[in-house]
Amino acid sequence: MKPLPIRRGTLREPGSDLGRLPVAPDLAGINVAEGLRAAVAFASIILIEWWLAWPPLLTMALAANLTCFCDIGGPIRPRLRALLAFAGLGGLFWGAFGVMEGYGPALVLPVALVVIFGCTFARVWGVPAQTVGNVLVVVLCLALDRALTVEQGAVVAAMFWAGGLWATFLALVVWRLHPYRPAHAAIGGVWRGLSRLARDLRRLSADPPGPDTNGSDLAVWEAHARGHRRAVRDAIEAARTLVLDLARSRARLSERNARALIRLEAAEQLFGVMIALSDYLERATPAQRAEAAKLLRLLPPMLKILSRAIRRDRPVNLARIERALARVKPAADADPAYRRMAERILDRVRIGAKLSGPEDLAGGGGLAGAPAPPWRETVLQPLRANLTWSSANLRHAVRATVVALPALAVTFWWPGPFTHWLTITVVLTMQPFYAATWQRALERIGGTVLGGVIGAVLAFYATSPQILAAMMVPLSVIGFAARGVSYGTFIACLTPLVVVLVELVEPGHSSWEIVGMRALFTVLGGAVAVLAGLLLWPLWEPGRVRDALRAALTTHARYAEAVVAERLGEGTPAAAEAAARAAGLASNNLEAALSRALQEPRRRGRSRIEAAMVADATLRRMAGRLAILRHEPEPAEADAASWRAWRDWLAGALARTASGERLPPKPDGSDAAAFGRIAAQVELLAGTLKRAGIGGPTPP
């Protein structure tokens, strides 16, 4: 079987090649409405400044612009807290640091370093806090450009608060983007990912099985599992977070929230069945593949239609859906395992279209009506968990603070309108892991150079301040609309806005001078960030891969126990679904650690990383086989003891694999056909990890 060329992945769909940086643009992330709103928030104040000719209004306009950066969407209440926190702290920082700068670096530097530590450590409380912290670092650096008197500091702080409140009022009251839209988009993205999975599954099953199941065919199916399952599982978890936040922000579960929960649960259960179907088709006969071909021809366009309807919150033609589903209903004489899977797939597609389903969907597996956790859990628990030197977030905050010291010193020794870009680049480029820092540096440098050239050309042909100001409206729309495409694309679209803004508020500098200085400080700051990630307290991934692999082994053992318990009537489908989710998340975490490890410069531990990649593929196959077991006939009463013996063996074998011990003897019984492949996968896993020396306790 000839594999498809591997395309570079995006952040939402990293792809099957763990060694390639996921920097490709994701055009689905374009949000023109967000760009228009940010442009209105900024341009409206610029127009007032033209009319009144009062320079402090430029601070208000910049504050409105920066506040829009902090709005990442979602429910109203969390957004309101984030935007008000940024507006309040931003005005305080700008006014206070502007006044303190007059007292010299002996006062400013220690306070600034404390603030930078807090802003970079804020990521422990989630993406909204991380975003606010990053933009506050920008505010701090801008505040150090010019010393202020106490009166000037008060005016700047007041204008910053006014700009922040104006942007907040515009975002949450006047131009209120639909609060359900992010959840609809996320759930629609899950169904779109399932459509891509089905399309690739159709392509793979259209080719006849190869003669060598351990050769290229095996690699192609492994690439399919790694590329699609990881992306869909990540999309499900992102949608789950949005829906939960939306549900917790309201006093009761609304009808729209209930629909979102049903669609998400239907998609997750459909995902589980399609994993089983992929494992079934990999070893299916030509006749079995031909039987499944009818279903696979329908699924990709059908799921794509549902995805579009969910994103737009529009109904679908139910009669047409039912006619299409009836045409691909499996025949009565079809393979029993395939018939069960196909019927469940069609049932979940029907639920996604009709928004009603059986009892196992009602409640969303505990999603509906979930109370918001107490503030001690949301605030203190992440803080305590990360106040240890083994925390990547704490090391990142300390590293950013240490490296920011010389960058801030340069700001004092070489004052000017451009030097703040060095500190901003250093702090915002650094990430908790070296691989992420390397990727961020490449995207920031490439985007800055490209966007700088575009901005310089535009500014060169602008013959008056009025034309420069007029340019900022479309540039602001483009910059904010591209924020979700990719970081490199966002920087490339944002840099022209920065160039034009600097030339407008700092006249006397040519556009090419601005571009050259921004490129210089960006390259220098990116290089410093990469070196800091390489030399200052790095957490190398080979050791973290070991921990992630142990967690994956444990969760897959629990998944096996839950599946057997479900088939024996001793467990519930909900417990099996929860175990499948935990196993999928553990595999995703393992692949994320492997991806970071493959991008690190160190060569030690490469054999262990390769063994972990084999283990990851083996665990994906094991999960597929366990998914198939959920759709096979229930064991007879006489075979129940054999199934329990195999369940105990799997749990013990995976535990011993994680600790590097010898596998226990396999149980005797007539059900080797049901568990034989899983047992062979466990034996392959144990042998691979033992040869690489991965098993055993974690070294101190």
# chains A, B, ... in the order shown; residues from 1 in each chain; ligands from 1
>>> residues_around(residues="A:Trp161", least_positions_apart="3", cutoff="10 Å", atoms="only C-alpha atoms", output="count of residues only")
20
>>> residues_around(residues="stretch 655-664 of chain A", least_positions_apart="2", cutoff="10 Å", atoms="only C-alpha atoms", output="PyMOL selection string")
chain A and resi 546-547+549-554+557+649-653+666-667+682-683+685-690+693-698
>>> residues_around(residues="stretch 585-590 of chain A", least_positions_apart="2", cutoff="9 Å", atoms="only C-alpha atoms", output="ChimeraX atom specification")
/A:226,229-231,233-234,237,544-549,551-553,555-556,580-583,592-595,612-613,616,619-620
>>> closest_atom_pairs(of="stretch 537-653 of chain A", to="stretch 276-279 of chain A", cutoff="6 Å", atoms="only C-alpha atoms", output="CSV")
residue,atom,partner,partner_atom,distance
A:Gly624,CA,A:Ala276,CA,5.0
A:Ala627,CA,A:Ala276,CA,4.8
A:Ile628,CA,A:Ala276,CA,4.7
>>> select_by_dssp(residues="stretch 225-360 of chain A", states="helix (DSSP H, G or I)", output="PyMOL selection string")
chain A and resi 225-248+255-282+286-312+318-327+336-354
>>> residues_around(residues="A:Ala43", least_positions_apart="6", cutoff="8 Å", atoms="only C-alpha atoms", output="list in words")
Ala61, Met472 and Val473 of chain A
>>> write_last_selection(atoms="N, CA and C atoms", output="PDB file, in the first residue's frame")
ATOM      1  N   ALA A  61      -6.172  54.304  23.008  1.00  0.00           N
ATOM      2  CA  ALA A  61      -6.334  53.468  21.819  1.00  0.00           C
ATOM      3  C   ALA A  61      -5.476  52.214  21.915  1.00  0.00           C
ATOM      4  N   MET A 472      -4.335  51.570   9.381  1.00  0.00           N
ATOM      5  CA  MET A 472      -4.378  50.750  10.589  1.00  0.00           C
ATOM      6  C   MET A 472      -5.683  49.986  10.728  1.00  0.00           C
ATOM      7  N   VAL A 473      -6.751  50.481  10.125  1.00  0.00           N
ATOM      8  CA  VAL A 473      -8.033  49.767  10.240  1.00  0.00           C
ATOM      9  C   VAL A 473      -7.982  48.417   9.526  1.00  0.00           C
TER      10      VAL A 473
END
>>> closest_residue(among="A:Leu428, A:Ala28, A:Ala219, A:Ala331", to="A:Thr618", atoms="only C-alpha atoms")
A:Ala219
>>> closest_atom_pairs(of="stretch 232-342 of chain A", to="stretch 182-206 of chain A", cutoff="6 Å", atoms="only C-alpha atoms", output="tab-separated table")
residue	atom	partner	partner_atom	distance
A:Val232	CA	A:Gly193	CA	5.6
A:Ala235	CA	A:Val190	CA	5.5
A:Ile236	CA	A:Val190	CA	6.0
A:Ala239	CA	A:Ala186	CA	5.0
A:Leu242	CA	A:Ala183	CA	5.6
A:Val243	CA	A:Ala183	CA	5.9
A:Leu296	CA	A:Arg202	CA	5.4
A:Pro300	CA	A:Ser195	CA	4.4
A:Leu303	CA	A:Ser195	CA	5.1
A:Lys304	CA	A:Arg192	CA	5.5
A:Ser307	CA	A:Gly188	CA	4.4
A:Ile310	CA	A:Gly188	CA	5.2
A:Arg311	CA	A:Ala185	CA	4.7
